[in-house]
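Here is coords04.pdb, consisting of PDB, C-alpha atoms:
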```pdb
ATOM      1  CA  MET A   8      35.783   1.902 -37.289
ATOM      2  CA  ARG A   9      35.880  -1.166 -35.051
ATOM      3  CA  GLN A  10      34.531  -2.539 -31.778
ATOM      4  CA  TRP A  11      36.473  -1.894 -28.577
ATOM      5  CA  GLN A  12      36.649  -3.922 -25.391
ATOM      6  CA  ILE A  13      36.668  -1.541 -22.425
ATOM      7  CA  THR A  14      38.813  -2.911 -19.607
ATOM      8  CA  PHE A  15      39.678  -1.775 -16.080
ATOM      9  CA  PHE A  16      42.665  -3.505 -14.483
ATOM     10  CA  GLN A  17      44.755  -3.191 -11.341
ATOM     11  CA  LYS A  18      48.533  -2.832 -11.307
ATOM     12  CA  GLY A  19      50.161  -6.040 -12.545
ATOM     13  CA  ALA A  20      46.906  -7.367 -14.020
ATOM     14  CA  ALA A  21      46.886  -5.666 -17.435
ATOM     15  CA  PRO A  22      45.643  -7.815 -20.330
ATOM     16  CA  THR A  23      48.450  -9.453 -22.309
ATOM     17  CA  ASP A  24      46.562  -9.261 -25.607
ATOM     18  CA  THR A  25      45.702  -5.596 -26.106
ATOM     19  CA  GLU A  26      44.379  -5.786 -29.670
ATOM     20  CA  GLY A  27      41.075  -3.912 -29.691
ATOM     21  CA  VAL A  28      41.353  -3.028 -25.979
ATOM     22  CA  PHE A  29      40.683   0.421 -24.549
ATOM     23  CA  GLY A  30      41.799   0.175 -20.957
ATOM     24  CA  CYS A  31      43.010   1.905 -17.820
ATOM     25  CA  CYS A  32      44.831   0.905 -14.649
ATOM     26  CA  VAL A  33      42.662   1.525 -11.578
ATOM     27  CA  SER A  34      43.141   1.186  -7.826
ATOM     28  CA  GLY A  35      40.124  -1.118  -7.539
ATOM     29  CA  VAL A  36      37.715  -2.824  -9.929
ATOM     30  CA  SER A  37      34.363  -4.609  -9.816
ATOM     31  CA  CYS A  38      32.140  -6.131 -12.470
ATOM     32  CA  ALA A  39      29.075  -8.342 -12.722
ATOM     33  CA  ASN A  40      29.415 -10.183 -16.017
ATOM     34  CA  SER A  41      29.517 -13.945 -16.514
ATOM     35  CA  GLU A  42      33.232 -14.016 -15.652
ATOM     36  CA  GLU A  43      32.752 -11.869 -12.526
ATOM     37  CA  SER A  44      34.248 -14.075  -9.793
ATOM     38  CA  ASN A  45      37.394 -14.976 -11.699
ATOM     39  CA  ALA A  46      37.899 -11.504 -13.180
ATOM     40  CA  ASN A  47      37.481  -9.690  -9.875
ATOM     41  CA  ARG A  48      39.937 -12.043  -8.207
ATOM     42  CA  LEU A  49      42.504 -11.421 -10.954
ATOM     43  CA  GLY A  50      42.027  -7.644 -10.773
ATOM     44  CA  MET A  51      40.773  -7.174 -14.331
ATOM     45  CA  CYS A  52      37.240  -6.721 -15.662
ATOM     46  CA  ASN A  53      35.613  -5.934 -19.016
ATOM     47  CA  TRP A  54      32.441  -3.981 -19.722
ATOM     48  CA  GLY A  55      29.474  -6.050 -20.848
ATOM     49  CA  ILE A  56      29.349  -4.413 -24.282
ATOM     50  CA  SER A  57      32.019  -3.629 -26.875
ATOM     51  CA  PRO A  58      30.974  -0.379 -28.566
ATOM     52  CA  TYR A  59      32.050   0.706 -32.019
ATOM     53  CA  GLY A  60      34.244   3.777 -32.266
ATOM     54  CA  GLU A  61      37.572   5.388 -33.033
ATOM     55  CA  VAL A  62      40.528   5.619 -30.631
ATOM     56  CA  LEU A  63      43.089   8.429 -30.535
ATOM     57  CA  SER A  64      46.121   8.378 -28.239
ATOM     58  CA  GLY A  65      49.384  10.223 -27.693
ATOM     59  CA  THR A  66      50.311  13.662 -26.423
ATOM     60  CA  TYR A  67      47.608  16.238 -25.862
ATOM     61  CA  ALA A  68      48.689  18.133 -28.978
ATOM     62  CA  GLN A  69      48.711  14.997 -31.145
ATOM     63  CA  VAL A  70      45.275  13.859 -30.023
ATOM     64  CA  LEU A  71      43.730  17.309 -30.556
ATOM     65  CA  LYS A  72      45.212  17.473 -34.045
ATOM     66  CA  ASP A  73      43.877  14.011 -34.909
ATOM     67  CA  LEU A  74      40.502  14.841 -33.362
ATOM     68  CA  GLU A  75      40.184  17.922 -35.543
ATOM     69  CA  LYS A  76      40.904  15.878 -38.674
ATOM     70  CA  LEU A  77      38.444  13.180 -37.655
ATOM     71  CA  THR A  78      35.567  15.540 -36.939
ATOM     72  CA  ASP A  79      36.324  17.562 -40.092
ATOM     73  CA  SER A  80      35.720  14.336 -42.026
ATOM     74  CA  GLY A  81      32.173  14.252 -40.670
ATOM     75  CA  PHE A  82      32.673  11.813 -37.785
ATOM     76  CA  ALA A  83      30.371  12.593 -34.842
ATOM     77  CA  PRO A  84      30.621  10.554 -31.599
ATOM     78  CA  HIS A  85      27.665   9.495 -29.470
ATOM     79  CA  ALA A  86      29.765   9.414 -26.278
ATOM     80  CA  VAL A  87      33.416   9.920 -25.336
ATOM     81  CA  LEU A  88      35.725   8.088 -22.911
ATOM     82  CA  VAL A  89      38.975   9.741 -21.823
ATOM     83  CA  PHE A  90      41.827   8.060 -19.931
ATOM     84  CA  PHE A  91      44.725  10.200 -18.648
ATOM     85  CA  SER A  92      48.137   8.706 -17.921
ATOM     86  CA  ARG A  93      48.764  11.196 -15.094
ATOM     87  CA  GLY A  94      46.028  13.862 -15.024
ATOM     88  CA  LEU A  95      48.291  16.925 -15.265
ATOM     89  CA  GLY A  96      46.952  19.286 -17.916
ATOM     90  CA  ALA A  97      43.636  17.423 -17.986
ATOM     91  CA  GLU A  98      41.482  20.537 -17.640
ATOM     92  CA  ALA A  99      43.176  22.382 -20.498
ATOM     93  CA  PHE A 100      42.847  19.327 -22.741
ATOM     94  CA  LEU A 101      39.146  18.903 -21.958
ATOM     95  CA  ARG A 102      38.520  22.582 -22.742
ATOM     96  CA  ALA A 103      40.371  22.312 -26.049
ATOM     97  CA  MET A 104      38.531  19.099 -26.940
ATOM     98  CA  THR A 105      35.049  20.428 -26.218
ATOM     99  CA  PRO A 106      34.373  22.229 -29.542
ATOM    100  CA  TYR A 107      34.830  18.937 -31.389
ATOM    101  CA  ILE A 108      32.572  16.795 -29.201
ATOM    102  CA  SER A 109      29.987  19.225 -27.799
ATOM    103  CA  GLY A 110      26.580  17.868 -26.931
ATOM    104  CA  VAL A 111      27.618  14.322 -26.044
ATOM    105  CA  PRO A 112      28.454  12.763 -22.653
ATOM    106  CA  VAL A 113      32.150  12.685 -21.749
ATOM    107  CA  VAL A 114      33.402  10.430 -18.940
ATOM    108  CA  GLY A 115      36.700   8.891 -17.891
ATOM    109  CA  GLY A 116      39.468   9.303 -15.386
ATOM    110  CA  GLY A 117      43.111   9.395 -14.483
ATOM    111  CA  ALA A 118      45.010   6.115 -14.321
ATOM    112  CA  ALA A 119      46.244   4.846 -10.973
ATOM    113  CA  VAL A 120      49.703   6.407 -10.888
ATOM    114  CA  ASP A 121      52.869   4.411 -10.267
ATOM    115  CA  SER A 122      54.729   6.104  -7.408
ATOM    116  CA  GLU A 123      58.114   5.517  -9.070
ATOM    117  CA  THR A 124      57.348   6.729 -12.600
ATOM    118  CA  GLY A 125      54.607   9.271 -11.894
ATOM    119  CA  TYR A 126      52.530   7.739 -14.699
ATOM    120  CA  GLY A 127      49.645   5.284 -14.821
ATOM    121  CA  GLN A 128      49.147   2.615 -17.464
ATOM    122  CA  ILE A 129      46.557   3.183 -20.158
ATOM    123  CA  ILE A 130      45.762   1.165 -23.280
ATOM    124  CA  PRO A 131      46.676   2.103 -25.973
ATOM    125  CA  PRO A 132      49.879   3.417 -24.322
ATOM    126  CA  ALA A 133      50.206   7.188 -24.498
ATOM    127  CA  GLU A 134      52.304   9.953 -22.990
ATOM    128  CA  ASP A 135      49.248  11.973 -21.991
ATOM    129  CA  VAL A 136      45.861  10.652 -23.007
ATOM    130  CA  ALA A 137      43.800   8.041 -24.830
ATOM    131  CA  VAL A 138      40.337   8.905 -26.150
ATOM    132  CA  LEU A 139      37.596   6.540 -27.315
ATOM    133  CA  LEU A 140      35.038   8.291 -29.489
ATOM    134  CA  ILE A 141      32.046   5.948 -29.381
ATOM    135  CA  HIS A 142      29.837   5.865 -32.463
ATOM    136  CA  ASP A 143      27.343   3.071 -31.946
ATOM    137  CA  SER A 144      23.707   3.446 -32.982
ATOM    138  CA  ARG A 145      22.740   0.266 -31.134
ATOM    139  CA  TYR A 146      22.677   2.272 -27.900
ATOM    140  CA  VAL A 147      21.518   5.560 -26.449
ATOM    141  CA  PHE A 148      24.091   6.963 -24.020
ATOM    142  CA  HIS A 149      23.304   8.896 -20.832
ATOM    143  CA  HIS A 150      25.483  10.315 -18.088
ATOM    144  CA  VAL A 151      24.898  10.897 -14.377
ATOM    145  CA  TRP A 152      27.177  11.923 -11.529
ATOM    146  CA  GLU A 153      26.996  12.476  -7.798
ATOM    147  CA  ASN A 154      28.931  14.334  -5.134
ATOM    148  CA  ILE A 155      28.456  12.083  -2.109
ATOM    149  CA  HIS A 156      29.939  14.675   0.274
ATOM    150  CA  GLU A 157      27.309  16.689   2.070
ATOM    151  CA  PRO A 158      27.521  20.487   1.756
ATOM    152  CA  SER A 159      28.425  22.140   5.048
ATOM    153  CA  GLY A 160      26.933  25.468   3.983
ATOM    154  CA  GLU A 161      30.301  27.168   4.449
ATOM    155  CA  THR A 162      32.042  29.086   1.667
ATOM    156  CA  VAL A 163      35.606  30.399   1.998
ATOM    157  CA  SER A 164      37.887  32.729   0.060
ATOM    158  CA  PHE A 165      41.340  31.471  -0.827
ATOM    159  CA  ARG A 166      44.762  32.551  -2.049
ATOM    160  CA  ALA A 167      46.369  30.329  -4.671
ATOM    161  CA  GLY A 168      49.970  29.637  -5.645
ATOM    162  CA  GLY A 169      49.099  27.999  -8.955
ATOM    163  CA  GLU A 170      46.242  26.151 -10.613
ATOM    164  CA  ARG A 171      46.384  23.350  -8.038
ATOM    165  CA  ILE A 172      48.159  24.943  -5.073
ATOM    166  CA  LEU A 173      46.137  26.346  -2.181
ATOM    167  CA  LEU A 174      48.278  28.690  -0.062
ATOM    168  CA  ALA A 175      45.837  30.227   2.392
ATOM    169  CA  ILE A 176      42.213  30.477   3.492
ATOM    170  CA  ARG A 177      40.761  33.802   4.557
ATOM    171  CA  ASP A 178      39.516  34.036   8.149
ATOM    172  CA  GLU A 179      36.796  36.674   7.821
ATOM    173  CA  ASP A 180      36.301  37.004  11.574
ATOM    174  CA  LYS A 181      39.971  37.783  12.234
ATOM    175  CA  ALA A 182      40.449  39.585   8.897
ATOM    176  CA  CYS A 183      43.598  37.600   8.128
ATOM    177  CA  ASP A 184      44.838  34.689   6.033
ATOM    178  CA  ILE A 185      45.518  31.291   7.600
ATOM    179  CA  SER A 186      47.842  28.799   5.946
ATOM    180  CA  ALA A 187      45.870  26.200   4.039
ATOM    181  CA  GLN A 188      47.272  23.308   6.074
ATOM    182  CA  ASP A 189      46.511  24.982   9.412
ATOM    183  CA  TRP A 190      42.975  25.831   8.317
ATOM    184  CA  TYR A 191      42.346  22.297   7.029
ATOM    185  CA  SER A 192      43.693  20.669  10.181
ATOM    186  CA  ALA A 193      41.640  22.961  12.440
ATOM    187  CA  LYS A 194      38.497  22.291  10.413
ATOM    188  CA  LYS A 195      38.956  18.533  10.758
ATOM    189  CA  LYS A 196      39.243  18.913  14.529
ATOM    190  CA  THR A 197      36.108  21.068  14.644
ATOM    191  CA  LEU A 198      34.196  18.430  12.665
ATOM    192  CA  SER A 199      35.668  15.507  14.673
ATOM    193  CA  LEU A 200      37.279  14.026  11.570
ATOM    194  CA  ARG A 201      40.401  11.887  11.636
ATOM    195  CA  GLU A 202      43.559  14.017  11.368
ATOM    196  CA  GLU A 203      45.185  11.565   8.929
ATOM    197  CA  SER A 204      42.247  11.619   6.513
ATOM    198  CA  PHE A 205      42.236  13.901   3.485
ATOM    199  CA  GLU A 206      39.078  12.381   1.993
ATOM    200  CA  ASN A 207      36.324  13.187   4.491
ATOM    201  CA  LEU A 208      36.714  16.952   4.044
ATOM    202  CA  ALA A 209      36.557  18.189   0.447
ATOM    203  CA  PHE A 210      36.802  21.530  -1.302
ATOM    204  CA  SER A 211      34.018  22.040  -3.827
ATOM    205  CA  THR A 212      33.498  24.384  -6.755
ATOM    206  CA  PRO A 213      30.352  26.490  -7.193
ATOM    207  CA  GLY A 214      29.291  23.904  -9.792
ATOM    208  CA  GLY A 215      29.288  21.159  -7.186
ATOM    209  CA  TRP A 216      32.328  19.007  -8.008
ATOM    210  CA  ASN A 217      35.166  18.284  -5.596
ATOM    211  CA  MET A 218      38.941  18.621  -5.325
ATOM    212  CA  HIS A 219      41.087  16.378  -3.138
ATOM    213  CA  ALA A 220      43.710  18.045  -0.933
ATOM    214  CA  SER A 221      47.071  16.769   0.313
ATOM    215  CA  PRO A 222      49.991  18.512   2.091
ATOM    216  CA  GLU A 223      52.455  20.488  -0.030
ATOM    217  CA  GLY A 224      55.493  21.651   1.883
ATOM    218  CA  ALA A 225      54.957  23.012   5.388
ATOM    219  CA  PHE A 226      51.959  25.279   4.804
ATOM    220  CA  ALA A 227      50.199  24.721   1.449
ATOM    221  CA  LEU A 228      47.782  22.121   0.112
ATOM    222  CA  LYS A 229      48.130  20.482  -3.277
ATOM    223  CA  LEU A 230      44.855  19.726  -5.040
ATOM    224  CA  GLY A 231      44.126  16.885  -7.444
ATOM    225  CA  ALA A 232      42.231  19.172  -9.843
ATOM    226  CA  ASN A 233      42.358  22.840 -10.781
ATOM    227  CA  LEU A 234      40.992  25.534  -8.507
ATOM    228  CA  PRO A 235      37.975  27.562  -9.694
ATOM    229  CA  GLY A 236      38.692  31.024 -11.017
ATOM    230  CA  ASN A 237      36.306  32.947  -8.766
ATOM    231  CA  GLY A 238      38.408  32.726  -5.586
ATOM    232  CA  LYS A 239      35.664  30.913  -3.650
ATOM    233  CA  LEU A 240      35.412  27.337  -2.372
ATOM    234  CA  ALA A 241      32.538  25.493  -0.759
ATOM    235  CA  ILE A 242      33.178  22.855   1.887
ATOM    236  CA  GLY A 243      31.826  19.302   1.729
ATOM    237  CA  VAL A 244      31.948  16.694   4.489
ATOM    238  CA  ILE A 245      31.241  12.976   4.660
ATOM    239  CA  SER A 246      31.333  10.561   7.596
ATOM    240  CA  ASP A 247      33.113   7.226   7.267
ATOM    241  CA  LYS A 248      29.883   5.538   8.353
ATOM    242  CA  ILE A 249      27.904   6.450   5.233
ATOM    243  CA  VAL A 250      30.499   6.323   2.422
ATOM    244  CA  THR A 251      29.991   2.647   1.615
ATOM    245  CA  GLU A 252      26.196   2.904   1.536
ATOM    246  CA  LYS A 253      26.282   6.023  -0.638
ATOM    247  CA  ILE A 254      28.609   4.428  -3.188
ATOM    248  CA  LYS A 255      26.486   1.281  -3.204
ATOM    249  CA  ALA A 256      23.384   3.373  -3.811
ATOM    250  CA  PHE A 257      25.042   5.171  -6.723
ATOM    251  CA  CYS A 258      26.173   1.908  -8.320
ATOM    252  CA  TRP A 259      22.672   0.429  -8.033
ATOM    253  CA  SER A 260      20.687   3.581  -8.854
ATOM    254  CA  SER A 261      20.086   2.751 -12.536
ATOM    255  CA  GLN A 262      17.812   0.192 -14.131
ATOM    256  CA  VAL A 263      19.486  -3.208 -14.065
ATOM    257  CA  GLU A 264      18.911  -3.759 -17.792
ATOM    258  CA  LEU A 265      21.158  -0.788 -18.636
ATOM    259  CA  TYR A 266      24.885  -1.218 -19.232
ATOM    260  CA  SER A 267      26.713   0.936 -16.667
ATOM    261  CA  LEU A 268      30.323   2.137 -16.737
ATOM    262  CA  ILE A 269      31.191   3.644 -13.344
ATOM    263  CA  PHE A 270      34.099   5.933 -12.439
ATOM    264  CA  GLY A 271      34.768   6.418  -8.733
ATOM    265  CA  CYS A 272      37.599   8.132  -6.870
ATOM    266  CA  SER A 273      40.428   6.120  -5.330
ATOM    267  CA  GLY A 274      40.241   8.510  -2.368
ATOM    268  CA  LEU A 275      36.674   7.399  -1.669
ATOM    269  CA  GLN A 276      37.805   3.800  -2.007
ATOM    270  CA  THR A 277      40.055   4.252   1.038
ATOM    271  CA  LEU A 278      36.954   5.011   3.133
ATOM    272  CA  LEU A 279      35.046   1.851   2.173
ATOM    273  CA  THR A 280      34.280  -0.661   4.918
ATOM    274  CA  GLU A 281      33.556  -3.502   2.488
ATOM    275  CA  GLU A 282      33.934  -4.423  -1.172
ATOM    276  CA  ILE A 283      31.334  -2.978  -3.512
ATOM    277  CA  SER A 284      29.203  -5.330  -5.595
ATOM    278  CA  VAL A 285      27.608  -3.972  -8.766
ATOM    279  CA  PRO A 286      24.585  -4.889 -10.902
ATOM    280  CA  HIS A 287      24.726  -7.149 -13.946
ATOM    281  CA  HIS A 288      26.132  -5.455 -17.080
ATOM    282  CA  THR A 289      28.166  -3.067 -14.890
ATOM    283  CA  LEU A 290      31.902  -2.294 -14.798
ATOM    284  CA  ALA A 291      33.185  -0.056 -12.004
ATOM    285  CA  GLY A 292      36.662   1.228 -11.181
ATOM    286  CA  PHE A 293      38.369   3.661  -8.825
ATOM    287  CA  PHE A 294      40.525   6.301 -10.550
ATOM    288  CA  HIS A 295      42.995   9.076  -9.738
ATOM    289  CA  GLY A 296      40.578  11.795 -10.825
ATOM    290  CA  GLU A 297      37.220  11.444 -12.551
ATOM    291  CA  VAL A 298      35.825  13.087 -15.694
ATOM    292  CA  LEU A 299      32.187  14.110 -15.607
ATOM    293  CA  MET A 300      29.836  16.509 -17.345
ATOM    294  CA  ALA A 301      28.815  19.535 -15.275
ATOM    295  CA  GLU A 302      27.200  22.733 -16.533
ATOM    296  CA  GLY A 303      27.351  21.271 -20.040
ATOM    297  CA  LEU A 304      31.128  20.819 -20.081
ATOM    298  CA  PRO A 305      33.545  17.962 -19.272
ATOM    299  CA  ARG A 306      35.308  18.494 -15.935
ATOM    300  CA  PHE A 307      38.287  16.828 -14.264
ATOM    301  CA  THR A 308      37.343  16.260 -10.632
ATOM    302  CA  ASN A 309      38.229  14.349  -7.448
ATOM    303  CA  LEU A 310      36.247  12.485  -4.766
ATOM    304  CA  MET A 311      33.289  12.051  -7.124
ATOM    305  CA  MET A 312      31.161   9.302  -8.670
ATOM    306  CA  SER A 313      30.426   9.385 -12.409
ATOM    307  CA  LYS A 314      28.533   6.951 -14.636
ATOM    308  CA  LEU A 315      27.963   6.330 -18.348
ATOM    309  CA  LEU A 316      24.795   4.424 -19.161
ATOM    310  CA  ALA A 317      24.194   2.589 -22.442
ATOM    311  CA  GLU A 318      20.553   1.827 -23.175
ATOM    312  CA  GLN A 319      19.917  -0.640 -25.993
ATOM    313  CA  ARG A 320      17.624   0.798 -28.632
ATOM    314  CA  GLY A 321      14.358  -1.031 -28.797
ATOM    315  CA  GLY A 322      15.215  -2.804 -25.557
TER     316      GLY A 322
END
```
Now that the file is in, can you turn its structure into structure tokens?
Amino acid sequence: MRQWQITFFQKGAAPTDTEGVFGCCVSGVSCANSEESNANRLGMCNWGISPYGEVLSGTYAQVLKDLEKLTDSGFAPHAVLVFFSRGLGAEAFLRAMTPYISGVPVVGGGAAVDSETGYGQIIPPAEDVAVLLIHDSRYVFHHVWENIHEPSGETVSFRAGGERILLAIRDEDKACDISAQDWYSAKKKTLSLREESFENLAFSTPGGWNMHASPEGAFALKLGANLPGNGKLAIGVISDKIVTEKIKAFCWSSQVELYSLIFGCSGLQTLLTEEISVPHHTLAGFFHGEVLMAEGLPRFTNLMMSKLLAEQRGG
């Protein structure tokens, strides 16, 4: 077991020396360590602590096999970080991983995807996923998350064309289905939201986490995370005017003496009106999908804010 430097970097700014690095490409990064000004300008930042742990990387099947062997040997993590190279299959992997790491906080995200390859860069390189199983008794680890969209109070029924494809929304008043794109566009007009934005209006699960929507073909919507299995979606809304303040508040909501690792959504980043500064000891990045703990289980989500806190024992 060794110490690992946790690094967030933007495209083209990956560290050249990756020995002992556990890292992920993000669409935006901010930190507040001693090297803050230079690191932020270069598009690469490190967390203020280097926790001990074990790293597994490869395909989903390989990592699950190695995880089983590791936990069978008696290894028990205190917290888990997960970086996905593209996010597809993330939910199934998190479900399969849960029996081996139950009871500890799990955070992470999907790497910022290269439009040409369809993959994002993670360190160590892997086809699907890299997992850092932190085992470090110097710290107590906590996890918090927030959905900054405000619930509209509306719940809709939907028809799906796959785990992440939304075909239609049920119009209860007219007793008919409306194509997902038509419904979404009409809802944005009703709420006076920008037609080109797909971040202000979010679909939410009963558990309170979001899914980002984008057009798929002429009628459907493609989501950035899997649909819930109950056929129901809640609707969340956020105004451009309050996004920046809400993200600032989340980043600064913990005690400044804690070490914070923050995972935000790249979709929310597009709504920011200014760069986000963070407290000392904090590393924050914007990802293509965020991992958080909800209802006792790790979830792959969109348009969310998630945070791992490390509190020094005896501090």
Take the PyMOL selection byres ((chain A and resi 319) around 8), run it mentally on this structure, and tell me the resulting residues as a JSON list (two decimals) with C-alpha atoms, in the coordinates of the input.
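So the final result, stored in result-v6.json, reads:
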```
[["chain", "number", "residue", "atom", "x", "y", "z"],
["A", 145, "ARG", "CA", 22.74, 0.27, -31.13],
["A", 146, "TYR", "CA", 22.68, 2.27, -27.90],
["A", 147, "VAL", "CA", 21.52, 5.56, -26.45],
["A", 265, "LEU", "CA", 21.16, -0.79, -18.64],
["A", 317, "ALA", "CA", 24.19, 2.59, -22.44],
["A", 318, "GLU", "CA", 20.55, 1.83, -23.18],
["A", 320, "ARG", "CA", 17.62, 0.80, -28.63],
["A", 321, "GLY", "CA", 14.36, -1.03, -28.80],
["A", 322, "GLY", "CA", 15.22, -2.80, -25.56]]
```
Taking all atoms of region 145-163 of chain A that the file lists, what box with edges along x, y and z, padded by 3 Å per side, do you get, with centre and edge lengths in Å to one decimal, as AutoDock Vina command-line options?
```
--center_x 28.6 --center_y 15.3 --center_z -13.0 --size_x 20.1 --size_y 36.1 --size_z 42.2
```
May I have the residues within 7 Å of region 186-193 of chain A as a compact mmCIF listing (two decimals) with C-alpha atoms, in the frame of the given file, using all atoms listed in the file and disregarding those fewer than 2 positions away in the same chain?
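What landed in selection27.txt:
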```txt
# COMPACT_ATOMS: atom_id res chain seq x y z
CA LEU A 173 46.14 26.35 -2.18
CA LEU A 174 48.28 28.69 -0.06
CA ALA A 175 45.84 30.23 2.39
CA ILE A 176 42.21 30.48 3.49
CA ASP A 184 44.84 34.69 6.03
CA LYS A 195 38.96 18.53 10.76
CA LYS A 196 39.24 18.91 14.53
CA THR A 197 36.11 21.07 14.64
CA GLU A 202 43.56 14.02 11.37
CA PRO A 222 49.99 18.51 2.09
CA PHE A 226 51.96 25.28 4.80
CA ALA A 227 50.20 24.72 1.45
CA LEU A 228 47.78 22.12 0.11
```
Select all residues near (46.1, 18.7, -25.2) (cut-off 7 Å, inclusive, file coordinates), counting all atoms listed in the file, and output them as a VMD selection string. chain A and resid 66 to 68 70 to 71 99 to 100 103
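Comparing the minimum interatomic distances between Phe148 (chain A) and each of A:His85, A:Arg177, A:Arg166, A:Lys248, counting only C-alpha atoms, we find that A:His85 sits nearest.
Going from CA of Glu223 (chain A) over to CA of Ile245 (chain A), you cover 23.0 Å.
For the pair CA of Leu268 (chain A) and CA of Leu315 (chain A), the separation is 5.1 Å.
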Shell around Gly35 (chain A) at 12 Å using all atoms listed in the file, local window under 2 positions removed, as a count of residues only: 37
Could you check which of A:Gly238, A:Gly125, A:Pro131, A:Gly60 is closest to Thr14 (chain A), using only C-alpha atoms? A:Pro131
I'd like the residues picked by the PyMOL selection byres ((chain A and resi 306) around 10) written out as a PyMOL selection string, using the chain letters and numbers from the file. chain A and resi 97-99+101-102+113-115+216+232-233+296-305+307-309
Counting all atoms listed in the file, which residues have an atom no more than 10 Å from (27.8, 18.4, 0.5) in the file's coordinates? Please list them as number ranges by chain. A: 154-161, 208-211, 215-217, 241-245
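We find CA of Pro22 (chain A) and CA of Trp54 (chain A) to be spaced 13.8 Å apart.
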Could you tell me, as number ranges by chain, exactly which residues end up selected when the PyMOL selection byres ((chain A and resi 57) around 8) is applied to this structure? A: 10-13, 54-56, 58-59
Of A:Val36, A:Lys72, A:His149, A:Val28, the one nearest to Val285 (chain A) when counting all atoms listed in the file is A:Val36
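Shortest separation to Tyr266 (chain A) among A:Thr23, A:Thr162, A:Asn53, A:Ser92 occurs at residue A:Asn53, atoms counted being all atoms listed in the file.
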Applying 8 Å and all atoms listed in the file, which residues near Ala86 (chain A) remain after dropping the ones on its own chain fewer than 3 positions away? List them as a list of chain:residue names. A:Val111, A:Pro112, A:Val113, A:Leu140, A:Ile141, A:His142, A:Phe148
The selected residues should be written to file as a short mmCIF file (atom, residue, chain, number, x, y, z; two decimals), in the frame of the given file (atoms: C-alpha atoms).
```
data_model
loop_
_atom_site.label_atom_id
_atom_site.label_comp_id
_atom_site.auth_asym_id
_atom_site.auth_seq_id
_atom_site.Cartn_x
_atom_site.Cartn_y
_atom_site.Cartn_z
CA VAL A 111 27.62 14.32 -26.04
CA PRO A 112 28.45 12.76 -22.65
CA VAL A 113 32.15 12.68 -21.75
CA LEU A 140 35.04 8.29 -29.49
CA ILE A 141 32.05 5.95 -29.38
CA HIS A 142 29.84 5.86 -32.46
CA PHE A 148 24.09 6.96 -24.02
#
```
May I ask which of the residues A:Leu240, A:Val163, A:Ser221, A:Met8 is the closest one to Glu179 (chain A), counting only C-alpha atoms? A:Val163
